[in-house]
Structure formats: structure tokens, C-alpha cells
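Asker: This is target_26.txt, which holds compact mmCIF, C-alpha atoms and all ligand atoms:
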```txt
# COMPACT_ATOMS: atom_id res chain seq x y z
CA MET A 1 82.81 70.61 118.76
CA ARG A 2 86.40 70.84 117.47
CA GLU A 3 89.18 71.38 119.93
CA ALA A 4 89.96 75.02 120.68
CA VAL A 5 93.37 76.64 120.21
CA GLU A 6 94.44 77.49 123.77
CA VAL A 7 96.40 80.72 124.27
CA LYS A 8 98.51 80.73 127.45
CA ALA A 9 99.38 84.36 128.03
CA SER A 10 98.99 86.56 131.16
CA ARG A 11 95.45 85.23 130.94
CA SER A 12 94.73 81.86 129.31
CA TYR A 13 91.78 81.52 126.97
CA PRO A 14 90.45 79.36 124.17
CA VAL A 15 90.05 80.46 120.55
CA ARG A 16 87.19 78.41 119.08
CA ILE A 17 87.01 78.13 115.30
CA GLU A 18 83.95 76.52 113.83
CA LYS A 19 80.97 77.32 111.63
CA GLY A 20 77.81 78.07 113.60
CA LEU A 21 79.45 79.42 116.76
CA LEU A 22 77.55 82.72 116.68
CA ASP A 23 74.31 81.06 117.72
CA GLN A 24 76.06 79.19 120.53
CA ALA A 25 77.84 82.31 121.81
CA GLY A 26 75.63 82.69 124.90
CA GLU A 27 76.31 79.16 126.16
CA LEU A 28 80.03 79.31 125.38
CA ILE A 29 80.45 82.69 127.07
CA ARG A 30 78.37 81.59 130.08
CA GLU A 31 80.85 78.75 130.68
CA ARG A 32 83.52 81.40 131.30
CA THR A 33 81.81 84.13 133.30
CA ASP A 34 79.22 84.82 135.99
CA ALA A 35 78.59 88.32 134.59
CA LYS A 36 75.00 89.56 134.84
CA ARG A 37 75.26 92.14 132.10
CA ALA A 38 76.89 91.99 128.69
CA CYS A 39 77.47 95.03 126.51
CA ILE A 40 77.68 94.14 122.82
CA VAL A 41 79.99 96.58 121.02
CA THR A 42 79.49 96.51 117.28
CA GLY A 43 79.56 98.62 114.11
CA GLU A 44 76.61 100.10 112.26
CA HIS A 45 76.86 97.54 109.40
CA VAL A 46 77.64 94.40 111.40
CA VAL A 47 74.79 95.03 113.84
CA LYS A 48 72.28 94.69 110.99
CA LEU A 49 73.74 91.35 109.94
CA TYR A 50 74.44 89.63 113.24
CA GLY A 51 73.38 91.84 116.17
CA GLU A 52 70.00 90.19 116.79
CA ARG A 53 71.39 86.66 116.70
CA LEU A 54 74.08 87.45 119.23
CA GLN A 55 71.69 89.32 121.50
CA ARG A 56 69.19 86.43 121.43
CA SER A 57 71.88 83.89 122.24
CA LEU A 58 73.14 85.99 125.17
CA GLU A 59 69.64 86.62 126.54
CA GLN A 60 68.78 82.92 126.34
CA THR A 61 71.63 82.22 128.74
CA GLY A 62 70.53 84.86 131.23
CA PHE A 63 72.56 87.92 130.29
CA GLN A 64 70.99 91.36 130.45
CA VAL A 65 72.17 92.84 127.17
CA LEU A 66 72.98 96.39 126.20
CA ARG A 67 74.42 97.53 122.89
CA PHE A 68 76.89 100.17 121.80
CA ILE A 69 76.87 100.78 118.05
CA HIS A 70 79.72 102.80 116.57
CA HIS A 71 80.21 104.29 113.11
CA SER A 72 82.13 101.91 110.85
CA GLY A 73 85.69 102.58 109.73
CA GLU A 74 89.16 103.17 111.12
CA GLN A 75 88.45 106.94 111.30
CA HIS A 76 85.99 106.21 114.12
CA LYS A 77 88.44 104.25 116.30
CA THR A 78 89.00 107.39 118.32
CA LEU A 79 89.11 108.69 121.87
CA GLU A 80 85.74 110.24 121.17
CA THR A 81 84.07 106.91 120.34
CA TYR A 82 85.88 105.32 123.28
CA GLY A 83 84.54 108.09 125.58
CA GLU A 84 81.00 107.53 124.29
CA LEU A 85 81.28 103.81 125.04
CA LEU A 86 82.56 104.47 128.57
CA GLY A 87 79.70 106.95 129.06
CA LEU A 88 77.18 104.24 128.17
CA LEU A 89 78.84 101.77 130.56
CA ALA A 90 78.69 104.37 133.34
CA ARG A 91 75.05 105.35 132.74
CA SER A 92 74.03 101.67 132.57
CA GLY A 93 75.67 100.83 135.89
CA MET A 94 78.04 98.24 134.42
CA THR A 95 80.18 96.83 137.22
CA ARG A 96 83.61 95.26 137.34
CA SER A 97 82.08 91.79 137.13
CA ASP A 98 80.16 92.54 133.91
CA LEU A 99 81.33 91.84 130.39
CA LEU A 100 81.97 93.49 127.03
CA VAL A 101 81.47 91.49 123.83
CA SER A 102 83.06 92.70 120.61
CA LEU A 103 81.17 91.74 117.46
CA GLY A 104 82.99 93.00 114.37
CA GLY A 105 86.32 93.50 112.65
CA GLY A 106 89.59 94.89 113.92
CA VAL A 107 88.25 98.40 114.63
CA THR A 108 85.51 97.04 116.90
CA GLY A 109 87.84 94.56 118.60
CA ASP A 110 90.53 97.15 119.32
CA LEU A 111 88.01 99.65 120.66
CA THR A 112 86.19 97.09 122.81
CA GLY A 113 89.43 95.67 124.15
CA PHE A 114 90.73 99.09 125.14
CA ALA A 115 87.45 99.97 126.85
CA ALA A 116 87.54 96.61 128.66
CA ALA A 117 91.16 97.18 129.72
CA THR A 118 90.37 100.55 131.25
CA TRP A 119 86.73 100.50 132.43
CA GLN A 120 86.98 100.32 136.23
CA ARG A 121 90.63 99.27 135.75
CA GLY A 122 89.73 96.22 133.71
CA VAL A 123 86.76 93.98 132.95
CA ASP A 124 86.39 90.77 130.98
CA PHE A 125 85.74 90.85 127.27
CA VAL A 126 85.02 88.41 124.48
CA GLN A 127 86.08 88.73 120.85
CA ILE A 128 83.69 87.60 118.10
CA PRO A 129 85.55 88.63 114.94
CA THR A 130 83.48 88.98 111.77
CA SER A 131 86.29 89.70 109.28
CA LEU A 132 88.98 87.27 108.15
CA LEU A 133 91.68 89.73 109.17
CA ALA A 134 90.30 89.98 112.69
CA MET A 135 89.93 86.18 112.95
CA VAL A 136 93.56 85.45 112.06
CA ASP A 137 95.21 88.50 113.58
CA SER A 138 93.67 91.25 115.68
CA SER A 139 91.25 89.22 117.82
CA VAL A 140 94.04 87.04 119.23
CA GLY A 141 96.89 88.26 121.40
CA GLY A 142 95.43 91.09 123.46
CA LYS A 143 96.61 94.19 121.59
CA THR A 144 93.96 96.88 122.11
CA ALA A 145 94.07 100.54 121.06
CA VAL A 146 92.44 103.63 119.63
CA ASN A 147 93.92 106.15 117.20
CA LEU A 148 94.90 109.79 117.70
CA PRO A 149 94.81 112.37 114.89
CA GLU A 150 98.62 112.04 115.01
CA GLY A 151 98.68 108.32 114.24
CA LYS A 152 97.19 104.85 114.44
CA ASN A 153 97.01 102.83 117.68
CA LEU A 154 98.91 105.42 119.68
CA VAL A 155 96.84 104.86 122.84
CA GLY A 156 96.32 101.30 123.97
CA SER A 157 97.22 98.42 126.22
CA PHE A 158 97.75 94.69 126.31
CA TRP A 159 94.55 93.14 127.62
CA GLN A 160 93.67 89.56 126.76
CA PRO A 161 90.07 88.46 126.09
CA ILE A 162 88.52 85.59 128.07
CA LEU A 163 87.33 83.87 124.88
CA VAL A 164 87.55 84.27 121.10
CA LEU A 165 84.82 82.82 118.87
CA CYS A 166 85.65 82.62 115.14
CA ASP A 167 82.66 81.57 113.07
CA PRO A 168 83.82 81.22 109.43
CA ALA A 169 80.15 81.16 108.33
CA LEU A 170 80.14 84.92 109.02
CA LEU A 171 82.68 85.44 106.25
CA GLY A 172 79.96 84.78 103.67
CA SER A 173 78.85 88.41 103.95
CA LEU A 174 82.35 89.86 103.64
CA PRO A 175 83.23 91.79 100.43
CA ILE A 176 85.87 90.02 98.32
CA GLU A 177 88.38 92.84 98.88
CA GLU A 178 88.09 92.35 102.65
CA LEU A 179 88.60 88.60 102.28
CA ARG A 180 91.72 89.26 100.25
CA CYS A 181 93.00 91.59 102.98
CA GLY A 182 92.60 88.77 105.49
CA SER A 183 94.41 86.38 103.16
CA ALA A 184 97.40 88.78 103.13
CA GLU A 185 97.80 88.26 106.90
CA GLU A 186 97.42 84.48 106.44
CA PHE A 187 100.05 84.49 103.72
CA LYS A 188 102.30 86.43 106.13
CA CYS A 189 101.92 83.57 108.65
CA GLY A 190 103.09 81.15 105.96
CA VAL A 191 106.17 83.26 105.15
CA LEU A 192 106.92 83.56 108.87
CA ARG A 193 106.50 80.01 110.06
CA ASP A 194 104.93 77.49 107.68
CA GLU A 195 105.99 76.66 104.14
CA GLY A 196 103.10 74.18 103.79
CA LEU A 197 100.59 76.95 104.53
CA PHE A 198 102.44 79.25 102.11
CA ASP A 199 102.25 76.65 99.33
CA ALA A 200 98.61 75.81 100.02
CA LEU A 201 97.49 79.46 99.85
CA SER A 202 99.65 80.21 96.80
CA LYS A 203 98.13 77.25 94.92
CA ASN A 204 94.56 77.62 96.12
CA PRO A 205 93.55 81.10 97.35
CA ALA A 206 90.01 79.84 98.00
CA LEU A 207 91.39 78.05 101.06
CA ALA A 208 91.82 81.41 102.80
CA SER A 209 88.42 81.30 104.51
CA SER A 210 88.58 77.58 105.41
CA GLU A 211 88.48 76.52 109.05
CA ASP A 212 91.79 74.67 108.68
CA VAL A 213 93.71 77.66 107.35
CA ILE A 214 92.19 80.01 109.94
CA ARG A 215 93.10 77.50 112.68
CA ARG A 216 96.70 77.16 111.46
CA CYS A 217 97.13 80.97 111.37
CA VAL A 218 95.68 81.31 114.88
CA GLN A 219 98.15 78.63 116.08
CA ILE A 220 101.07 80.54 114.55
CA LYS A 221 99.90 83.79 116.13
CA ARG A 222 99.32 81.95 119.45
CA ASP A 223 102.90 80.62 119.40
CA LEU A 224 104.37 84.09 118.84
CA VAL A 225 102.14 85.66 121.52
CA GLU A 226 103.12 82.97 124.02
CA GLU A 227 106.80 83.49 123.25
CA ASP A 228 106.60 87.27 123.64
CA GLU A 229 103.24 88.59 124.82
CA PHE A 230 104.43 92.19 125.28
CA ASP A 231 106.04 92.60 121.88
CA ARG A 232 109.67 93.04 122.81
CA GLY A 233 111.10 90.13 120.83
CA SER A 234 109.74 87.47 118.49
CA ARG A 235 106.16 88.85 118.39
CA ARG A 236 107.62 91.67 116.31
CA LEU A 237 107.96 89.15 113.48
CA LEU A 238 104.21 89.65 112.98
CA ASN A 239 105.14 93.07 111.59
CA LEU A 240 106.43 91.42 108.40
CA GLY A 241 105.31 93.70 105.56
CA HIS A 242 103.89 96.21 108.02
CA SER A 243 106.64 98.89 108.11
CA PHE A 244 106.67 99.59 104.38
CA GLY A 245 102.98 98.60 104.25
CA HIS A 246 102.01 101.12 106.90
CA ALA A 247 103.80 103.85 104.95
CA VAL A 248 101.89 102.84 101.80
CA GLU A 249 98.59 102.82 103.70
CA VAL A 250 99.14 106.26 105.25
CA CYS A 251 100.45 107.86 102.04
CA SER A 252 97.44 106.59 100.09
CA GLY A 253 95.17 108.35 102.60
CA TYR A 254 93.90 104.84 103.56
CA GLU A 255 92.59 104.35 99.98
CA ILE A 256 94.84 101.28 99.86
CA LEU A 257 93.37 98.85 102.39
CA HIS A 258 95.48 97.48 105.26
CA GLY A 259 95.83 93.96 103.79
CA GLN A 260 96.69 95.32 100.33
CA ALA A 261 99.32 97.59 101.88
CA VAL A 262 100.77 94.68 103.87
CA ALA A 263 100.96 92.65 100.64
CA ILE A 264 102.89 95.48 98.94
CA GLY A 265 105.09 95.79 102.05
CA MET A 266 105.88 92.05 102.04
CA ALA A 267 106.77 92.12 98.34
CA MET A 268 109.01 95.18 98.84
CA ILE A 269 110.86 93.78 101.84
CA ALA A 270 111.32 90.44 100.05
CA ARG A 271 112.85 92.17 97.01
CA ALA A 272 115.09 94.29 99.24
CA ALA A 273 116.14 91.22 101.28
CA ALA A 274 117.09 89.41 98.05
CA GLU A 275 119.13 92.43 96.89
CA LYS A 276 120.90 92.50 100.27
CA GLY A 277 121.68 88.77 100.05
CA ILE A 278 119.50 87.92 103.07
CA CYS A 279 117.29 85.59 101.04
CA ALA A 280 117.69 83.95 97.66
CA PRO A 281 116.20 85.80 94.65
CA GLU A 282 113.94 82.74 94.11
CA THR A 283 112.51 83.20 97.62
CA ALA A 284 111.57 86.82 96.85
CA GLU A 285 110.10 85.73 93.50
CA LYS A 286 108.02 83.01 95.20
CA ILE A 287 106.71 85.52 97.73
CA CYS A 288 105.71 88.01 95.01
CA ALA A 289 104.12 85.24 92.89
CA GLY A 290 102.13 84.00 95.90
CA ILE A 291 100.86 87.52 96.63
CA ARG A 292 99.76 87.92 93.02
CA ALA A 293 98.01 84.52 93.15
CA LEU A 294 95.93 85.91 96.03
CA SER A 295 94.93 88.84 93.74
CA LEU A 296 96.84 91.25 95.96
CA PRO A 297 99.22 94.00 94.77
CA THR A 298 103.02 93.82 94.93
CA GLU A 299 103.85 97.39 93.88
CA THR A 300 102.91 100.99 94.53
CA GLU A 301 103.10 104.19 92.50
CA ILE A 302 103.76 106.25 95.65
CA PRO A 303 107.25 107.81 95.32
CA GLY A 304 110.03 106.51 97.55
CA GLU A 305 110.61 110.00 99.03
CA THR A 306 107.00 110.17 100.22
CA LEU A 307 107.15 106.66 101.67
CA LEU A 308 110.37 107.50 103.48
CA LYS A 309 108.80 110.49 105.25
CA ALA A 310 105.92 108.30 106.47
CA LEU A 311 108.32 105.55 107.49
CA LEU A 312 110.29 107.97 109.66
CA ARG A 313 107.12 108.87 111.57
CA ASP A 314 106.26 105.17 112.22
CA LYS A 315 106.00 104.21 115.89
CA LYS A 316 107.95 101.00 115.15
CA ARG A 317 111.02 103.20 114.79
CA SER A 318 113.20 103.30 117.89
CA GLY A 319 115.65 106.20 117.97
CA ASP A 320 118.09 106.00 115.09
CA THR A 321 117.11 102.53 113.93
CA MET A 322 114.08 100.70 112.66
CA ASN A 323 113.41 97.00 113.04
CA LEU A 324 112.53 95.59 109.64
CA ILE A 325 111.31 92.00 109.42
CA VAL A 326 113.10 90.20 106.61
CA PRO A 327 112.54 86.76 105.08
CA GLU A 328 115.49 84.37 105.03
CA THR A 329 113.61 81.41 103.55
CA ILE A 330 109.91 80.61 103.23
CA GLY A 331 108.91 79.80 106.81
CA SER A 332 111.74 81.66 108.50
CA CYS A 333 112.20 85.41 109.04
CA ARG A 334 114.34 87.57 111.29
CA VAL A 335 114.45 91.07 112.76
CA GLU A 336 116.96 93.35 111.00
CA LYS A 337 117.96 96.53 112.84
CA VAL A 338 118.37 99.13 110.10
CA PRO A 339 119.86 102.63 110.68
CA VAL A 340 117.30 105.25 109.60
CA GLU A 341 119.70 106.77 107.08
CA GLU A 342 119.66 103.44 105.20
CA LEU A 343 115.87 103.19 104.95
CA GLY A 344 115.76 105.10 101.65
CA ASP A 345 118.12 102.53 100.17
CA TRP A 346 115.95 99.66 101.45
CA LEU A 347 112.87 101.27 99.88
CA ARG A 348 114.69 101.69 96.56
CA LEU A 349 115.87 98.06 96.59
CA GLY A 350 112.30 97.07 97.42
CA GLY A 351 111.17 98.66 94.16
CA ALA A 352 110.02 102.12 95.31
CA ARG A 353 110.07 104.64 92.47
N1 LIG A 401 99.02 92.37 114.88
C1 LIG A 401 100.32 92.16 115.36
C2 LIG A 401 100.35 91.67 116.76
O1 LIG A 401 99.34 91.28 117.30
O2 LIG A 401 101.40 91.66 117.35
```
Can the structure in the file be given as C-alpha cells, please?

Answerer:
Amino acid sequence: MREAVEVKASRSYPVRIEKGLLDQAGELIRERTDAKRACIVTGEHVVKLYGERLQRSLEQTGFQVLRFIHHSGEQHKTLETYGELLGLLARSGMTRSDLLVSLGGGVTGDLTGFAAATWQRGVDFVQIPTSLLAMVDSSVGGKTAVNLPEGKNLVGSFWQPILVLCDPALLGSLPIEELRCGSAEEFKCGVLRDEGLFDALSKNPALASSEDVIRRCVQIKRDLVEEDEFDRGSRRLLNLGHSFGHAVEVCSGYEILHGQAVAIGMAMIARAAAEKGICAPETAEKICAGIRALSLPTETEIPGETLLKALLRDKKRSGDTMNLIVPETIGSCRVEKVPVEELGDWLRLGGAR
């Protein structure tokens, strides 16, 4: 078995990345817990693909297994679904020494993590991400949350898993659009910290679902989480492309997928950074060309005025300023504190119509 990426945060845990891990999940989880019961939390689509295999593996290593199956989609990452999950845990007599296991993408992981953080003031949980985006981003680092009607991820906590199992073989069932969304987050890691990764993905987008690229992205995320677990400093760099991207995502009514919106957001901030003299024009051009090579968009038809209104409601805003993440060179970015009255200008320089 290949060496795990170790995350040393408020709780230390391994992230294992290897094909075939799903069927070894029971043994690998057993090494890290004495729990008697394990509640698999999964979505209605993923359960059909992988639910039985995970349940079998857990039962073979002595876990009593229960399942919570939620409706798929971000619109179901709600307090209501969270309450239903807690209700099941209560009725099933789950104790503080039992375990939750998330099997799914970011929605499932965030929901499971938040339930684990709060059920009886905190129980262990394991992340088994099934989407590329969840493998390289949301399953690592302990951000957990559910949405409110007023906005995404408004209720949550930092709660680290005890183990993350990334099985790239599971990506075989992922729609191409979802794979591309994951590759947007990988590309972001390249722009943030690794020119070699940036070049490799720009030249060969097929590498996005390879073990080596997933591992490198997890290492980059691990480094940022270890530097700043609670998101007050350098971890905020992971928001590259997310401020403008979030506005695009919201204004499209979530028709534009998260990874596509992040790609547009990265292209916009790169163009604006070049106009402001923060990076060279060639850097912005390379970023936009790389995004296009991954078959991701670099522009939006949504008017700048509309984007601005959404941007002003973003929870990343603090008072009269907003922290935008800007590229300086490929592999190096910084936080730029921008007064809110200048955001319209940044959007315009980024190419908003
Ligand atoms: N997804 C951004 C973070 O974990 O900080």
C-alpha cells in the first residue's frame, strides 16, 4: 500500500489515495477505531453504486451498520436533512464511541461532518469521497457545514475526520462534467503552489483523475490546513477563484456548476490582477489558456451589476473590505484586501460585461 498523506491538525489523520481502497475500507477503518456501530451516510445515487460494497467491508470487520440515504444535490444539504440524520442516530442508539462514514461527494461529506461534529458533542467520522472535487478539496481539512435558505455553508464547524480514503477507481462512474469540476480545483492548487502541476494539467487534462495528481493536490491542501487550520490566514488562499466564482454560481441559479464557476472566477481574477499590475499579462493568459485546455469556461454572460450584488452578500466579505486571492506568478498567490466600493472595478477589469 502506498504511503498515506498525513494531516497534522487539531486531530492527525491519514489520507490514503489508491485504487481499490473501497473494498478494504472495513479493515482500514478498524485500525483507527473501536466503534461497534457505523452509520454510512450517502446519497440516493451513490448508494446504488457503492453502498453494498462498503457495507459488506464494514460488516466483515465486525461493525454493525446502519445507513442514512439523503436526496442528492446541494439543495438537500439543509438543516432539515441534518435533523433527519440526527433523528436516525438517536433512534438507533448511536453512542459517543460510534462512527459516521461519509460515502459521496462534497454535499455528503459536509453533512456527515457537521452531524459528526455535533452529535453528542462530537463523534468520529471517516470520509470516503466519490467525486474528484471531494477527493482533492472538501474531504480534507475538516470544514463541515449545511446551508440555510439565506446562503451556502452558513452553519458549520471545523471537525477533522479520523481517516480519508480516496479510491480513484470510483471516478470511473463520474460524469465528465463532474470530473472537469474537480480538475478546476486541482488547477487552482497548481496556480497556488506548484507550477509543475499547473503545466502537467494544462498539457494533459487526462491526468486529472490520476493518483499522482490527486496526491499532489491533497499535499498542497494539507500544507495550507496545517499552516492555518481555522482559516484566518494562508488557508484563505484556497478561495482563489471562489469570490467571483461564488457570485457566478449563485447568479446562475446553480446552473453553472461549482467547478465551472471557480474556473470563471480564476480567469476573471487573473485578468483583473494583470490589469492592476499584480501579475504579468502572460501569467493571466497562461491561466486562461490552462482553464480552456481543461474544457472549462473562462467567461460569463452574467452582467457585472448582478455579480456585484451577489458579491456583496458573500460571507467572505468582512465589513467594508473583501479579501480577494490574486495570482502574482504561477505557483504564488496572495491575499488582497479590497474596499467594497472597488469591487465593481475589479469585476470590470476581470471581464464582466
Ligand atoms: N475548500 C476550502 C477550504 O477547505 O478551506

Asker: Would you please work out which residue, of A:Lys316, A:His246, A:Arg236, A:Arg11, is nearest to ligand LIG 401 (chain A) when using only C-alpha atoms and all ligand atoms?

Answerer: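 Using only C-alpha atoms and all ligand atoms, the shortest distance to ligand LIG 401 (chain A) belongs to A:Arg236.
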
Asker: Determine the nearest neighbour of Gln120 in chain A from the options A:Thr81, A:Thr95, A:Gln219, A:Ser243, counting only C-alpha atoms.

Answerer: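 Of A:Thr81, A:Thr95, A:Gln219, A:Ser243, the one nearest Gln120 in chain A is A:Thr95, counting only C-alpha atoms.
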
Asker: Within 9 Å of ligand LIG 401 (chain A), counting only C-alpha atoms and all ligand atoms, which protein or nucleic acid residues do you find, written as a PyMOL selection string?

Answerer: chain A and resi 137-143+221+224-225+229-231+235-239

Asker: Okay, now the selection with C-alpha atoms, as an mmCIF file, keeping the file's coordinate frame?

Answerer:
```cif
data_model
loop_
_atom_site.group_PDB
_atom_site.id
_atom_site.type_symbol
_atom_site.label_atom_id
_atom_site.label_comp_id
_atom_site.auth_asym_id
_atom_site.auth_seq_id
_atom_site.Cartn_x
_atom_site.Cartn_y
_atom_site.Cartn_z
ATOM 1 C CA ASP A 137 95.210 88.500 113.580
ATOM 2 C CA SER A 138 93.670 91.250 115.680
ATOM 3 C CA SER A 139 91.250 89.220 117.820
ATOM 4 C CA VAL A 140 94.040 87.040 119.230
ATOM 5 C CA GLY A 141 96.890 88.260 121.400
ATOM 6 C CA GLY A 142 95.430 91.090 123.460
ATOM 7 C CA LYS A 143 96.610 94.190 121.590
ATOM 8 C CA LYS A 221 99.900 83.790 116.130
ATOM 9 C CA LEU A 224 104.370 84.090 118.840
ATOM 10 C CA VAL A 225 102.140 85.660 121.520
ATOM 11 C CA GLU A 229 103.240 88.590 124.820
ATOM 12 C CA PHE A 230 104.430 92.190 125.280
ATOM 13 C CA ASP A 231 106.040 92.600 121.880
ATOM 14 C CA ARG A 235 106.160 88.850 118.390
ATOM 15 C CA ARG A 236 107.620 91.670 116.310
ATOM 16 C CA LEU A 237 107.960 89.150 113.480
ATOM 17 C CA LEU A 238 104.210 89.650 112.980
ATOM 18 C CA ASN A 239 105.140 93.070 111.590
#
```

Asker: Rank A:Leu192, A:Met322, A:Ala117, A:Ala352 by their smallest atom-to-atom distance to Met268 in chain A, using only C-alpha atoms, and report the top residue only.

Answerer: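 When distances to Met268 in chain A are compared using only C-alpha atoms, the smallest one comes from A:Ala352.
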
Asker: Provide the CA of Glu301 in chain A to CA of Val146 in chain A distance in Å, to one decimal place.

Answerer: 29.2 Å

Asker: Restrict the calculation to all atoms listed in the file, then for each residue of range 58-150 of chain A with any atom at most 12 Å from an atom of range 254-265 of chain A give the closest atom pair and their distance in Å to one decimal, rows by chain and rising residue number, as a Markdown table.

Answerer:
```
| residue | atom | partner | partner_atom | distance |
| --- | --- | --- | --- | --- |
| A:Gly73 | CA | A:Tyr254 | CA | 10.5 |
| A:Glu74 | CA | A:Tyr254 | CA | 9.1 |
| A:Gln75 | CA | A:Tyr254 | CA | 9.7 |
| A:Gly106 | CA | A:His258 | CA | 10.8 |
| A:Val107 | CA | A:His258 | CA | 11.9 |
| A:Ser131 | CA | A:Gly259 | CA | 11.8 |
| A:Leu132 | CA | A:Gly259 | CA | 10.5 |
| A:Leu133 | CA | A:Gly259 | CA | 8.0 |
| A:Ala134 | CA | A:Gly259 | CA | 11.2 |
| A:Asp137 | CA | A:Gly259 | CA | 11.2 |
```

Asker: Take the selection from the previous step and output its residues with C-alpha atoms, as a PDB file, keeping the file's coordinate frame.

Answerer:
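The result, stored in out32.pdb:
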```
ATOM      1  CA  GLY A  73      85.690 102.580 109.730  1.00  0.00           C
ATOM      2  CA  GLU A  74      89.160 103.170 111.120  1.00  0.00           C
ATOM      3  CA  GLN A  75      88.450 106.940 111.300  1.00  0.00           C
ATOM      4  CA  GLY A 106      89.590  94.890 113.920  1.00  0.00           C
ATOM      5  CA  VAL A 107      88.250  98.400 114.630  1.00  0.00           C
ATOM      6  CA  SER A 131      86.290  89.700 109.280  1.00  0.00           C
ATOM      7  CA  LEU A 132      88.980  87.270 108.150  1.00  0.00           C
ATOM      8  CA  LEU A 133      91.680  89.730 109.170  1.00  0.00           C
ATOM      9  CA  ALA A 134      90.300  89.980 112.690  1.00  0.00           C
ATOM     10  CA  ASP A 137      95.210  88.500 113.580  1.00  0.00           C
TER      11      ASP A 137
END
```

Asker: Please return range 163-185 of chain A, rebuilt to N, CA and C atoms, as a tab-separated table (two decimals), in the frame of the given file.

Answerer:
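To be explicit, this is the file written out as selection21.tsv:
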```
chain	number	residue	atom	x	y	z
A	163	LEU	N	87.79	84.85	125.87
A	163	LEU	CA	87.33	83.87	124.88
A	163	LEU	C	87.32	84.54	123.51
A	164	VAL	N	87.69	83.77	122.48
A	164	VAL	CA	87.55	84.27	121.10
A	164	VAL	C	86.71	83.25	120.34
A	165	LEU	N	85.68	83.71	119.66
A	165	LEU	CA	84.82	82.82	118.87
A	165	LEU	C	84.92	83.22	117.40
A	166	CYS	N	85.55	82.36	116.59
A	166	CYS	CA	85.65	82.62	115.14
A	166	CYS	C	84.65	81.73	114.43
A	167	ASP	N	83.67	82.33	113.80
A	167	ASP	CA	82.66	81.57	113.07
A	167	ASP	C	82.85	81.85	111.58
A	168	PRO	N	83.53	80.94	110.85
A	168	PRO	CA	83.82	81.22	109.43
A	168	PRO	C	82.55	81.39	108.59
A	169	ALA	N	81.39	80.95	109.10
A	169	ALA	CA	80.15	81.16	108.33
A	169	ALA	C	79.87	82.66	108.17
A	170	LEU	N	80.38	83.47	109.10
A	170	LEU	CA	80.14	84.92	109.02
A	170	LEU	C	80.89	85.56	107.86
A	171	LEU	N	81.88	84.84	107.33
A	171	LEU	CA	82.68	85.44	106.25
A	171	LEU	C	81.90	85.51	104.94
A	172	GLY	N	80.79	84.79	104.88
A	172	GLY	CA	79.96	84.78	103.67
A	172	GLY	C	79.48	86.17	103.28
A	173	SER	N	79.37	87.06	104.26
A	173	SER	CA	78.85	88.41	103.95
A	173	SER	C	79.98	89.41	103.71
A	174	LEU	N	81.22	88.93	103.74
A	174	LEU	CA	82.35	89.86	103.64
A	174	LEU	C	82.68	90.18	102.18
A	175	PRO	N	82.85	91.46	101.82
A	175	PRO	CA	83.23	91.79	100.43
A	175	PRO	C	84.55	91.10	100.05
A	176	ILE	N	84.69	90.77	98.78
A	176	ILE	CA	85.87	90.02	98.32
A	176	ILE	C	87.17	90.75	98.67
A	177	GLU	N	87.16	92.09	98.57
A	177	GLU	CA	88.38	92.84	98.88
A	177	GLU	C	88.80	92.64	100.34
A	178	GLU	N	87.80	92.56	101.22
A	178	GLU	CA	88.09	92.35	102.65
A	178	GLU	C	88.64	90.94	102.88
A	179	LEU	N	88.08	89.97	102.16
A	179	LEU	CA	88.60	88.60	102.28
A	179	LEU	C	90.05	88.55	101.84
A	180	ARG	N	90.33	89.26	100.75
A	180	ARG	CA	91.72	89.26	100.25
A	180	ARG	C	92.65	89.90	101.28
A	181	CYS	N	92.17	90.95	101.95
A	181	CYS	CA	93.00	91.59	102.98
A	181	CYS	C	93.33	90.60	104.09
A	182	GLY	N	92.34	89.80	104.47
A	182	GLY	CA	92.60	88.77	105.49
A	182	GLY	C	93.60	87.75	104.98
A	183	SER	N	93.49	87.40	103.69
A	183	SER	CA	94.41	86.38	103.16
A	183	SER	C	95.85	86.90	103.14
A	184	ALA	N	96.03	88.23	103.08
A	184	ALA	CA	97.40	88.78	103.13
A	184	ALA	C	98.03	88.45	104.49
A	185	GLU	N	97.25	88.57	105.56
A	185	GLU	CA	97.80	88.26	106.90
A	185	GLU	C	98.04	86.75	107.03
```
